[in-house]
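Listing of data-v5.tsv; format and content: TSV, C-alpha atoms and all ligand atoms.
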```
chain	number	residue	atom	x	y	z
A	49	MET	CA	171.02	119.40	51.74
A	50	LYS	CA	171.27	117.56	55.08
A	51	LYS	CA	167.92	116.98	56.77
A	52	ILE	CA	167.28	118.45	60.21
A	53	ASN	CA	167.27	115.55	62.64
A	54	PHE	CA	164.63	115.65	65.40
A	55	SER	CA	165.06	111.96	66.36
A	56	ALA	CA	164.98	111.01	70.03
A	57	GLY	CA	168.14	108.92	69.97
A	58	PRO	CA	170.39	108.07	68.31
A	59	SER	CA	170.01	111.69	67.42
A	60	ILE	CA	171.60	114.85	66.12
A	61	LEU	CA	175.28	115.31	67.00
A	62	PRO	CA	177.53	118.30	66.38
A	63	GLN	CA	178.84	118.28	62.80
A	64	GLN	CA	182.34	118.61	64.28
A	65	THR	CA	181.87	115.32	66.16
A	66	ILE	CA	180.84	113.53	62.99
A	67	GLU	CA	183.58	115.01	60.80
A	68	GLU	CA	186.44	114.62	63.27
A	69	THR	CA	185.42	111.04	64.12
A	70	ALA	CA	185.16	110.21	60.41
A	71	LYS	CA	188.67	111.57	59.90
A	72	ALA	CA	190.03	109.50	62.79
A	73	ILE	CA	188.31	106.39	61.43
A	74	LEU	CA	190.26	106.89	58.22
A	75	ASP	CA	193.53	107.98	59.81
A	76	PHE	CA	193.99	108.23	63.56
A	77	ASN	CA	196.56	110.87	64.58
A	78	SER	CA	198.36	110.55	61.23
A	79	SER	CA	199.25	106.96	62.12
A	80	THR	CA	197.85	105.67	58.79
A	81	LEU	CA	195.80	103.32	61.00
A	82	SER	CA	192.10	103.63	61.63
A	83	LEU	CA	190.77	104.59	65.07
A	84	MET	CA	188.91	101.28	64.79
A	85	GLU	CA	192.21	99.38	64.51
A	86	VAL	CA	194.43	100.92	67.16
A	87	SER	CA	195.00	99.38	70.57
A	88	HIS	CA	193.02	100.92	73.38
A	89	ARG	CA	196.19	100.52	75.45
A	90	GLY	CA	198.34	102.53	73.03
A	91	LYS	CA	199.46	105.94	74.25
A	92	ASP	CA	197.43	107.79	71.62
A	93	PHE	CA	194.15	106.23	72.70
A	94	ILE	CA	194.97	106.54	76.39
A	95	ALA	CA	195.34	110.28	75.73
A	96	VAL	CA	191.84	110.26	74.20
A	97	MET	CA	190.37	108.48	77.23
A	98	ASP	CA	192.15	110.85	79.63
A	99	GLU	CA	190.97	113.96	77.81
A	100	THR	CA	187.39	112.68	77.54
A	101	ILE	CA	187.17	111.98	81.27
A	102	ALA	CA	188.88	115.27	82.14
A	103	LEU	CA	186.50	117.28	79.92
A	104	PHE	CA	183.49	115.35	81.23
A	105	LYS	CA	184.46	116.25	84.79
A	106	GLU	CA	185.28	119.85	83.95
A	107	LEU	CA	182.11	120.58	81.96
A	108	LEU	CA	179.76	118.86	84.42
A	109	ASN	CA	181.63	120.38	87.36
A	110	VAL	CA	182.20	116.99	89.02
A	111	PRO	CA	183.54	117.51	92.56
A	112	ALA	CA	186.41	115.60	94.18
A	113	GLY	CA	185.44	112.20	95.53
A	114	TYR	CA	183.57	111.21	92.37
A	115	SER	CA	184.69	108.93	89.53
A	116	VAL	CA	183.59	109.10	85.90
A	117	ILE	CA	183.60	105.78	84.06
A	118	PHE	CA	182.63	104.65	80.58
A	119	LEU	CA	180.96	101.29	80.07
A	120	GLY	CA	179.03	99.33	77.47
A	121	GLY	CA	175.55	97.86	77.83
A	122	GLY	CA	173.56	101.09	77.51
A	123	ALA	CA	171.54	102.81	80.19
A	124	SER	CA	169.47	99.62	80.38
A	125	LEU	CA	172.34	97.70	81.95
A	126	GLN	CA	172.51	100.40	84.63
A	127	PHE	CA	168.92	99.52	85.57
A	128	CYS	CA	170.41	96.33	87.06
A	129	MET	CA	173.95	97.50	87.89
A	130	VAL	CA	172.62	100.21	90.20
A	131	PRO	CA	170.69	97.83	92.50
A	132	PHE	CA	173.37	95.15	92.17
A	133	ASN	CA	175.92	97.57	93.63
A	134	LEU	CA	173.76	99.69	95.95
A	135	LEU	CA	170.61	97.89	97.07
A	136	GLU	CA	171.07	96.07	100.36
A	137	LYS	CA	167.50	96.09	101.69
A	138	LYS	CA	165.28	98.77	100.23
A	139	ALA	CA	165.30	101.29	97.38
A	140	ALA	CA	162.90	104.08	96.45
A	141	TYR	CA	161.87	104.86	92.87
A	142	LEU	CA	159.92	107.72	91.29
A	143	ASN	CA	157.97	106.37	88.35
A	144	THR	CA	157.80	109.04	85.66
A	145	GLY	CA	157.86	107.03	82.45
A	146	THR	CA	158.70	103.90	80.53
A	147	TRP	CA	162.41	104.00	81.33
A	148	ALA	CA	161.78	104.75	85.01
A	149	SER	CA	159.40	101.76	85.13
A	150	LYS	CA	162.03	99.53	83.56
A	151	ALA	CA	164.64	100.67	86.07
A	152	GLU	CA	162.23	99.98	88.92
A	153	LYS	CA	161.40	96.50	87.59
A	154	GLU	CA	165.07	95.47	87.65
A	155	ALA	CA	165.56	96.73	91.21
A	156	LYS	CA	162.81	94.38	92.39
A	157	LEU	CA	165.15	91.48	91.59
A	158	PHE	CA	167.47	92.66	94.35
A	159	GLY	CA	165.32	93.79	97.27
A	160	GLU	CA	162.34	95.77	98.43
A	161	VAL	CA	161.31	98.61	96.17
A	162	VAL	CA	159.11	101.49	97.29
A	163	GLU	CA	157.49	103.41	94.46
A	164	VAL	CA	157.15	106.83	96.10
A	165	ALA	CA	154.85	108.15	93.36
A	166	SER	CA	153.81	107.42	89.80
A	167	SER	CA	152.21	109.43	87.01
A	168	LYS	CA	151.38	106.26	85.08
A	169	PRO	CA	147.57	106.59	85.51
A	170	ASP	CA	147.86	109.89	83.56
A	171	ASN	CA	150.10	108.41	80.88
A	172	PHE	CA	153.14	110.06	82.48
A	173	THR	CA	152.10	113.57	81.44
A	174	TYR	CA	153.57	115.16	84.57
A	175	ILE	CA	156.21	114.75	87.28
A	176	PRO	CA	154.69	113.88	90.68
A	177	LYS	CA	155.92	116.26	93.38
A	178	ASP	CA	154.00	115.18	96.42
A	179	TYR	CA	155.84	112.21	97.86
A	180	THR	CA	158.04	111.16	100.74
A	181	ILE	CA	161.39	109.50	100.27
A	182	PRO	CA	161.82	106.79	102.95
A	183	ALA	CA	164.75	107.77	105.16
A	184	ASP	CA	165.83	104.13	105.44
A	185	ALA	CA	166.12	103.51	101.69
A	186	ASP	CA	169.58	102.66	100.33
A	187	TYR	CA	168.99	105.13	97.50
A	188	PHE	CA	166.32	107.10	95.64
A	189	HIS	CA	166.15	106.67	91.84
A	190	ILE	CA	164.82	109.28	89.41
A	191	THR	CA	164.78	109.73	85.65
A	192	THR	CA	165.52	113.41	85.16
A	193	ASN	CA	164.22	113.60	81.60
A	194	ASN	CA	161.51	111.33	80.26
A	195	THR	CA	162.48	111.01	76.63
A	196	ILE	CA	159.23	109.36	75.56
A	197	PHE	CA	156.73	111.59	77.36
A	198	GLY	CA	158.57	114.92	77.19
A	199	THR	CA	158.64	115.72	80.90
A	200	GLU	CA	161.68	116.78	82.90
A	201	ILE	CA	162.68	117.34	86.51
A	202	HIS	CA	164.13	120.84	86.27
A	203	THR	CA	165.81	121.06	89.65
A	204	ASP	CA	168.28	118.98	91.60
A	205	ILE	CA	166.17	117.21	94.20
A	206	ASP	CA	167.13	117.31	97.87
A	207	SER	CA	167.12	113.70	98.93
A	208	PRO	CA	167.73	112.39	102.45
A	209	VAL	CA	169.24	109.23	100.93
A	210	PRO	CA	171.75	108.83	98.06
A	211	LEU	CA	170.18	110.17	94.88
A	212	VAL	CA	170.61	108.11	91.69
A	213	ALA	CA	169.62	109.65	88.36
A	214	ASP	CA	169.17	108.38	84.83
A	215	MET	CA	170.25	111.43	82.79
A	216	SER	CA	170.38	109.68	79.42
A	217	SER	CA	168.51	112.42	77.61
A	218	ASP	CA	169.40	115.62	79.47
A	219	ILE	CA	173.02	115.24	80.49
A	220	PHE	CA	174.98	118.44	79.69
A	221	SER	CA	171.75	120.25	78.76
A	222	ARG	CA	171.48	122.27	81.96
A	223	VAL	CA	173.71	123.12	84.88
A	224	ILE	CA	173.41	120.56	87.67
A	225	ASP	CA	174.84	120.34	91.14
A	226	VAL	CA	176.58	116.96	90.97
A	227	SER	CA	177.17	117.01	94.72
A	228	LYS	CA	173.43	116.40	95.21
A	229	TYR	CA	173.71	113.07	93.40
A	230	ALA	CA	175.37	109.85	94.48
A	231	LEU	CA	175.28	108.36	91.00
A	232	ILE	CA	174.37	109.66	87.55
A	233	TYR	CA	174.21	107.42	84.50
A	234	GLY	CA	173.03	107.44	80.94
A	235	GLY	CA	173.36	106.16	77.43
A	236	ALA	CA	175.54	108.53	75.41
A	237	GLN	CA	173.46	108.41	72.23
A	238	LYS	CA	171.65	111.72	72.70
A	239	ASN	CA	173.82	114.59	73.90
A	240	LEU	CA	177.25	113.02	73.67
A	241	ALA	CA	178.16	110.33	71.17
A	242	PRO	CA	176.90	107.54	68.95
A	243	ALA	CA	175.27	104.53	70.65
A	244	GLY	CA	177.49	101.99	72.39
A	245	LEU	CA	178.73	104.12	75.26
A	246	THR	CA	177.35	104.52	78.78
A	247	PHE	CA	178.60	107.14	81.22
A	248	VAL	CA	178.47	106.73	84.99
A	249	VAL	CA	179.39	109.38	87.54
A	250	ILE	CA	179.76	107.81	90.99
A	251	LYS	CA	180.43	109.18	94.44
A	252	ASP	CA	183.20	106.78	95.46
A	253	GLU	CA	182.11	106.45	99.09
A	254	ILE	CA	178.74	104.87	98.24
A	255	LEU	CA	180.37	101.70	96.92
A	256	GLY	CA	181.35	98.56	98.85
A	257	LYS	CA	178.34	98.64	101.18
A	258	VAL	CA	176.27	95.70	99.94
A	259	SER	CA	176.81	92.21	101.29
A	260	ARG	CA	176.17	90.27	98.05
A	261	GLN	CA	178.87	89.05	95.69
A	262	ILE	CA	179.01	91.22	92.57
A	263	PRO	CA	180.27	89.71	89.28
A	264	THR	CA	183.51	91.44	88.29
A	265	MET	CA	182.16	93.10	85.14
A	266	LEU	CA	179.07	94.39	86.96
A	267	ASN	CA	181.02	95.87	89.84
A	268	TYR	CA	181.53	99.63	89.47
A	269	GLN	CA	184.73	99.35	91.51
A	270	THR	CA	186.30	97.16	88.81
A	271	HIS	CA	185.87	99.90	86.22
A	272	ILE	CA	186.98	102.67	88.55
A	273	ASP	CA	190.13	100.72	89.48
A	274	ASN	CA	190.93	100.04	85.83
A	275	GLY	CA	190.22	103.51	84.42
A	276	SER	CA	187.35	102.17	82.25
A	277	MET	CA	189.82	99.77	80.61
A	278	PHE	CA	189.02	96.53	82.46
A	279	ASN	CA	187.66	95.25	79.19
A	280	THR	CA	188.05	96.79	75.73
A	281	PRO	CA	186.19	100.11	75.82
A	282	PRO	CA	184.06	101.32	72.88
A	283	VAL	CA	186.87	103.37	71.35
A	284	VAL	CA	184.95	105.02	68.51
A	285	PRO	CA	182.09	106.39	70.67
A	286	ILE	CA	184.62	107.55	73.27
A	287	TYR	CA	186.55	109.45	70.60
A	288	ALA	CA	183.27	110.97	69.38
A	289	ALA	CA	182.36	111.92	72.97
A	290	MET	CA	185.70	113.73	73.29
A	291	GLN	CA	184.89	115.72	70.15
A	292	THR	CA	181.40	116.61	71.45
A	293	LEU	CA	182.88	117.74	74.76
A	294	ARG	CA	185.50	119.88	72.96
A	295	TRP	CA	182.64	121.40	70.94
A	296	LEU	CA	180.61	122.00	74.09
A	297	LYS	CA	183.54	123.70	75.81
A	298	ALA	CA	184.14	125.96	72.80
A	299	LYS	CA	180.43	126.92	72.83
A	300	GLY	CA	180.76	128.19	76.40
A	301	GLY	CA	180.06	124.98	78.29
A	302	VAL	CA	176.86	123.88	79.98
A	303	PRO	CA	175.69	127.35	81.15
A	304	ALA	CA	175.74	128.64	77.55
A	305	MET	CA	174.04	125.46	76.35
A	306	GLU	CA	171.33	125.76	78.99
A	307	LYS	CA	170.59	129.31	77.87
A	308	LEU	CA	170.31	128.21	74.24
A	309	ASN	CA	168.23	125.17	75.15
A	310	LYS	CA	165.77	127.37	77.03
A	311	GLU	CA	165.53	129.70	74.04
A	312	LYS	CA	164.93	126.81	71.63
A	313	ALA	CA	162.32	125.17	73.87
A	314	ALA	CA	160.50	128.48	74.45
A	315	LEU	CA	160.35	129.14	70.71
A	316	LEU	CA	158.73	125.77	70.05
A	317	TYR	CA	156.41	125.63	73.07
A	318	ASN	CA	155.21	129.17	72.35
A	319	GLU	CA	154.27	128.10	68.85
A	320	ILE	CA	152.52	124.95	70.12
A	321	ASP	CA	150.51	127.11	72.56
A	322	ARG	CA	149.70	129.74	69.93
A	323	ASN	CA	148.92	127.53	66.93
A	324	PRO	CA	145.30	126.30	67.06
A	325	LEU	CA	146.21	123.12	65.15
A	326	PHE	CA	148.57	121.74	67.79
A	327	ILE	CA	148.49	121.00	71.49
A	328	GLY	CA	151.25	119.99	73.91
A	329	THR	CA	150.88	116.74	75.85
A	330	ALA	CA	153.02	117.42	78.96
A	331	ALA	CA	152.03	119.52	81.98
A	332	LYS	CA	153.42	123.01	81.33
A	333	GLU	CA	155.60	123.25	84.42
A	334	ASP	CA	157.21	119.88	83.65
A	335	ARG	CA	157.85	120.40	79.96
A	336	SER	CA	161.16	118.95	78.81
A	337	LEU	CA	163.79	121.20	77.26
A	338	MET	CA	164.98	118.24	75.20
A	339	ASN	CA	161.94	116.30	73.94
A	340	VAL	CA	158.94	118.36	72.92
A	341	CYS	CA	155.78	116.22	72.59
A	342	PHE	CA	152.66	117.53	70.89
A	343	VAL	CA	149.64	116.27	68.99
A	344	MET	CA	147.04	117.67	66.58
A	345	SER	CA	144.33	119.45	68.55
A	346	GLU	CA	140.62	118.47	68.56
A	347	GLY	CA	139.13	119.03	65.14
A	348	TYR	CA	142.44	118.49	63.36
A	349	LYS	CA	143.27	114.93	64.41
A	350	GLU	CA	142.89	113.62	60.87
A	351	LEU	CA	145.78	115.83	59.72
A	352	GLU	CA	148.52	114.03	61.69
A	353	ALA	CA	149.91	112.03	58.78
A	354	ASP	CA	149.64	115.07	56.53
A	355	PHE	CA	151.70	117.22	58.87
A	356	LEU	CA	154.41	114.58	59.10
A	357	LYS	CA	154.52	114.41	55.30
A	358	PHE	CA	154.58	118.19	55.03
A	359	ALA	CA	157.39	118.45	57.61
A	360	SER	CA	159.33	115.77	55.81
A	361	SER	CA	159.02	117.67	52.54
A	362	LYS	CA	160.72	120.58	54.32
A	363	GLY	CA	163.62	118.35	55.39
A	364	LEU	CA	162.40	117.95	58.98
A	365	ASP	CA	163.17	114.37	59.96
A	366	GLY	CA	162.30	112.10	62.91
A	367	LEU	CA	159.25	114.01	64.18
A	368	LYS	CA	156.90	111.05	64.61
A	369	GLY	CA	155.90	110.69	68.25
A	370	HIS	CA	156.54	107.57	70.28
A	371	ARG	CA	153.65	105.09	69.98
A	372	SER	CA	152.73	105.54	73.65
A	373	VAL	CA	152.01	109.26	73.14
A	374	GLY	CA	151.27	109.50	69.40
A	375	GLY	CA	151.47	112.73	67.45
A	376	PHE	CA	154.86	114.34	67.26
A	377	ARG	CA	158.05	114.54	69.26
A	378	ALA	CA	160.72	117.09	68.41
A	379	SER	CA	163.96	116.21	70.14
A	380	ILE	CA	166.01	119.36	70.34
A	381	TYR	CA	169.22	118.20	71.99
A	382	ASN	CA	172.32	120.36	72.43
A	383	ALA	CA	173.46	119.96	68.83
A	384	MET	CA	170.14	121.25	67.43
A	385	PRO	CA	170.69	124.86	66.35
A	386	LEU	CA	168.07	127.55	66.97
A	387	GLU	CA	167.59	127.70	63.19
A	388	GLY	CA	166.50	124.04	63.22
A	389	VAL	CA	163.73	124.80	65.70
A	390	GLN	CA	162.80	127.92	63.72
A	391	ALA	CA	162.44	125.77	60.59
A	392	LEU	CA	159.96	123.55	62.46
A	393	VAL	CA	158.03	126.58	63.75
A	394	ASP	CA	157.91	128.00	60.20
A	395	ALA	CA	156.54	124.67	58.94
A	396	MET	CA	153.87	124.64	61.67
A	397	GLN	CA	152.81	128.18	60.71
A	398	GLU	CA	152.68	127.37	57.01
A	399	PHE	CA	150.68	124.24	57.75
A	400	GLU	CA	148.28	126.33	59.82
A	401	LYS	CA	147.79	128.79	56.93
A	402	ASN	CA	147.04	125.92	54.57
A	403	ASN	CA	144.71	124.01	56.89
A	404	ALA	CA	143.10	126.19	59.60
A	405	LYS	CA	139.32	125.89	59.56
A	501	LIG	N1	166.76	105.93	79.94
A	501	LIG	C1	166.28	106.92	79.19
A	501	LIG	C2	165.80	108.18	79.84
A	501	LIG	C3	166.25	106.79	77.80
A	501	LIG	O1	165.78	107.78	77.03
A	501	LIG	C4	166.72	105.60	77.20
A	501	LIG	C5	166.70	105.40	75.74
A	501	LIG	O2	166.17	106.16	74.98
A	501	LIG	C6	167.19	104.59	78.04
A	501	LIG	C7	167.21	104.78	79.40
A	501	LIG	C8	167.70	103.28	77.49
A	501	LIG	O3	168.95	103.50	76.98
A	501	LIG	P1	169.79	102.34	76.28
A	501	LIG	O4	169.15	102.09	74.96
A	501	LIG	O5	171.16	102.95	76.18
A	501	LIG	O6	169.76	101.15	77.14
```
Rewrite the structure of this file - the entire thing - as structure tokens.
Amino acid sequence: MKKINFSAGPSILPQQTIEETAKAILDFNSSTLSLMEVSHRGKDFIAVMDETIALFKELLNVPAGYSVIFLGGGASLQFCMVPFNLLEKKAAYLNTGTWASKAEKEAKLFGEVVEVASSKPDNFTYIPKDYTIPADADYFHITTNNTIFGTEIHTDIDSPVPLVADMSSDIFSRVIDVSKYALIYGGAQKNLAPAGLTFVVIKDEILGKVSRQIPTMLNYQTHIDNGSMFNTPPVVPIYAAMQTLRWLKAKGGVPAMEKLNKEKAALLYNEIDRNPLFIGTAAKEDRSLMNVCFVMSEGYKELEADFLKFASSKGLDGLKGHRSVGGFRASIYNAMPLEGVQALVDAMQEFEKNNAK
């Protein structure tokens, strides 16, 4: 029996994505060639790229005037590509976690950075809300979901300056108003595809405003002008992304996924709040729908390793928390079925029966 995968990323993907990509790796479009062997400039792969971008735009409701591009280099390369392309004098950053801090650090190489607020002194357990975005900043950068700490910005922020968001771990998990963002980026290896693919959604008019020279490969305009084919794109992850987007569309799109994600998260958070053995680490109003972080409560701390072992014996995989939080992290991305979360809740209840003092 396949284990239930609660890993933070790379993470669970729809079975359809895995099976269809495996088929195409063996025989792409009945060509007798592998997807790994075919030219990215051949008509069959161009059709894959076109469909992937079209579905991405359709499912995220991307308005006119925006481009969707696929790159390599992970979300981490975007930490420097964003300021390279957008920071002329000053940028504002909201520091809500490890990835947000890393993004902010890169921006400092390019100009003045204003950290509008930070929850670092509280180990990033909440999303700061009381801050002012400088009206003269070139952009304001946020991380909408903090994969490590299990906090999430649940609304689309109104920003007086172009809003840039790292949505690596919550893209396609809830309905967003893309028009409120100037740029959205993320690594695909959570809700979309295997690692190796980065998505960027850009409002075209924000480009071309900085005075510095931008190396060709790091210039967003290069990739827009070349339809994400300036260099050889990661063909296998793009094919997998197309399959995930087809799956998402068949499931009812992002609104249906958001409803299910809320149901799954409520099921698990309710159990964490009810079960005397466990306690959540994130502020309740900022709890992530994607990464659920919790620890053993006072009096049960010594049972952490035992619970992990118990969960593993039930086929629940990847629950160990990140070292900066400890305890457990259940990543319940789009592809996680409600039954997977129920299996975890059942395990928590059985563990409680066996161990409650
Ligand atoms: N941003 C967030 C929110 C992440 O969760 C991660 C990875 O987990 C990253 C950035 C870094 O992504 P990559 O490994 O693709 O560079």
What lies within 10 Å of Phe127 of chain A using all atoms listed in the file, ignoring chain neighbours under 5 positions off, as a list in words?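 The neighbour list is Gly122, Phe132, Trp147, Ala148, Ser149, Lys150, Ala151, Glu152, Lys153, Glu154, Ala155, His189, Asp214 and Tyr233 of chain A.
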Restrict the calculation to all atoms listed in the file, then for each residue of chain A with any atom at most 9 Å from an atom of ligand LIG 501 (chain A) give the closest atom pair and their distance in Å to one decimal, rows by chain and rising residue number, as JSON lines.
```
{"residue": "A:Ala56", "atom": "CA", "partner": "A:LIG501", "partner_atom": "O2", "distance": 7.0}
{"residue": "A:Gly57", "atom": "CA", "partner": "A:LIG501", "partner_atom": "O2", "distance": 6.0}
{"residue": "A:Pro58", "atom": "CA", "partner": "A:LIG501", "partner_atom": "O2", "distance": 8.1}
{"residue": "A:Gly120", "atom": "CA", "partner": "A:LIG501", "partner_atom": "O5", "distance": 8.8}
{"residue": "A:Gly121", "atom": "CA", "partner": "A:LIG501", "partner_atom": "O6", "distance": 6.7}
{"residue": "A:Gly122", "atom": "CA", "partner": "A:LIG501", "partner_atom": "O5", "distance": 3.3}
{"residue": "A:Ala123", "atom": "CA", "partner": "A:LIG501", "partner_atom": "O6", "distance": 3.9}
{"residue": "A:Ser124", "atom": "CA", "partner": "A:LIG501", "partner_atom": "O6", "distance": 3.6}
{"residue": "A:Leu125", "atom": "CA", "partner": "A:LIG501", "partner_atom": "O6", "distance": 6.5}
{"residue": "A:Gln126", "atom": "CA", "partner": "A:LIG501", "partner_atom": "O6", "distance": 8.0}
{"residue": "A:Phe127", "atom": "CA", "partner": "A:LIG501", "partner_atom": "C7", "distance": 8.3}
{"residue": "A:Gly145", "atom": "CA", "partner": "A:LIG501", "partner_atom": "C2", "distance": 8.4}
{"residue": "A:Thr146", "atom": "CA", "partner": "A:LIG501", "partner_atom": "C1", "distance": 8.3}
{"residue": "A:Trp147", "atom": "CA", "partner": "A:LIG501", "partner_atom": "N1", "distance": 5.0}
{"residue": "A:Ala148", "atom": "CA", "partner": "A:LIG501", "partner_atom": "N1", "distance": 7.2}
{"residue": "A:Lys150", "atom": "CA", "partner": "A:LIG501", "partner_atom": "C7", "distance": 8.5}
{"residue": "A:Ala151", "atom": "CA", "partner": "A:LIG501", "partner_atom": "C7", "distance": 8.2}
{"residue": "A:Thr191", "atom": "CA", "partner": "A:LIG501", "partner_atom": "C2", "distance": 6.1}
{"residue": "A:Thr192", "atom": "CA", "partner": "A:LIG501", "partner_atom": "C2", "distance": 7.5}
{"residue": "A:Asn193", "atom": "CA", "partner": "A:LIG501", "partner_atom": "C2", "distance": 5.9}
{"residue": "A:Asn194", "atom": "CA", "partner": "A:LIG501", "partner_atom": "C2", "distance": 5.3}
{"residue": "A:Thr195", "atom": "CA", "partner": "A:LIG501", "partner_atom": "O1", "distance": 4.6}
{"residue": "A:Ile196", "atom": "CA", "partner": "A:LIG501", "partner_atom": "O1", "distance": 6.9}
{"residue": "A:Asp214", "atom": "CA", "partner": "A:LIG501", "partner_atom": "N1", "distance": 6.0}
{"residue": "A:Met215", "atom": "CA", "partner": "A:LIG501", "partner_atom": "C2", "distance": 6.3}
{"residue": "A:Ser216", "atom": "CA", "partner": "A:LIG501", "partner_atom": "C2", "distance": 4.8}
{"residue": "A:Ser217", "atom": "CA", "partner": "A:LIG501", "partner_atom": "O1", "distance": 5.4}
{"residue": "A:Asp218", "atom": "CA", "partner": "A:LIG501", "partner_atom": "C2", "distance": 8.3}
{"residue": "A:Tyr233", "atom": "CA", "partner": "A:LIG501", "partner_atom": "N1", "distance": 8.9}
{"residue": "A:Gly234", "atom": "CA", "partner": "A:LIG501", "partner_atom": "N1", "distance": 6.5}
{"residue": "A:Gly235", "atom": "CA", "partner": "A:LIG501", "partner_atom": "O5", "distance": 4.1}
{"residue": "A:Ala236", "atom": "CA", "partner": "A:LIG501", "partner_atom": "O5", "distance": 7.1}
{"residue": "A:Gln237", "atom": "CA", "partner": "A:LIG501", "partner_atom": "O5", "distance": 7.1}
{"residue": "A:Lys238", "atom": "CA", "partner": "A:LIG501", "partner_atom": "O2", "distance": 8.1}
{"residue": "A:Ala243", "atom": "CA", "partner": "A:LIG501", "partner_atom": "O5", "distance": 7.1}
{"residue": "A:Gly244", "atom": "CA", "partner": "A:LIG501", "partner_atom": "O5", "distance": 7.4}
{"residue": "A:Leu245", "atom": "CA", "partner": "A:LIG501", "partner_atom": "O5", "distance": 7.7}
{"residue": "A:Thr246", "atom": "CA", "partner": "A:LIG501", "partner_atom": "O5", "distance": 6.9}
```
Around all the atoms of segment 382-395 of chain A listed in the file, with 5 Å of room on each side, what axis-aligned box do you get, giving centre and edge lengths in Å to one decimal, as JSON?
```
{"center_x": 165.0, "center_y": 124.0, "center_z": 65.7, "size_x": 26.9, "size_y": 18.0, "size_z": 23.5}
```
Mind dumping a table of every segment 174-231 of chain A residue within 9 Å of segment 252-270 of chain A, with the nearest atom pair and its distance in Å to one decimal, using all atoms listed in the file, sorted by chain and rising number, as a tab-separated table?
```
residue	atom	partner	partner_atom	distance
A:Pro210	CA	A:Ile254	CA	8.0
A:Ala230	CA	A:Ile254	CA	7.1
A:Leu231	CA	A:Ile254	CA	8.8
```
Write out as a compact mmCIF listing (two decimals) with C-alpha atoms, in the frame of the given file the residues lying within 10 Å of segment 78-88 of chain A, counting all atoms listed in the file and excluding same-chain residues fewer than 2 positions away.
```
# COMPACT_ATOMS: atom_id res chain seq x y z
CA THR A 69 185.42 111.04 64.12
CA ALA A 70 185.16 110.21 60.41
CA LYS A 71 188.67 111.57 59.90
CA ALA A 72 190.03 109.50 62.79
CA ILE A 73 188.31 106.39 61.43
CA LEU A 74 190.26 106.89 58.22
CA ASP A 75 193.53 107.98 59.81
CA PHE A 76 193.99 108.23 63.56
CA GLY A 90 198.34 102.53 73.03
CA LYS A 91 199.46 105.94 74.25
CA ASP A 92 197.43 107.79 71.62
CA PHE A 93 194.15 106.23 72.70
CA ILE A 94 194.97 106.54 76.39
CA ALA A 95 195.34 110.28 75.73
CA VAL A 96 191.84 110.26 74.20
CA MET A 97 190.37 108.48 77.23
CA MET A 277 189.82 99.77 80.61
CA ASN A 279 187.66 95.25 79.19
CA THR A 280 188.05 96.79 75.73
CA PRO A 281 186.19 100.11 75.82
CA PRO A 282 184.06 101.32 72.88
CA VAL A 283 186.87 103.37 71.35
CA VAL A 284 184.95 105.02 68.51
CA TYR A 287 186.55 109.45 70.60
```
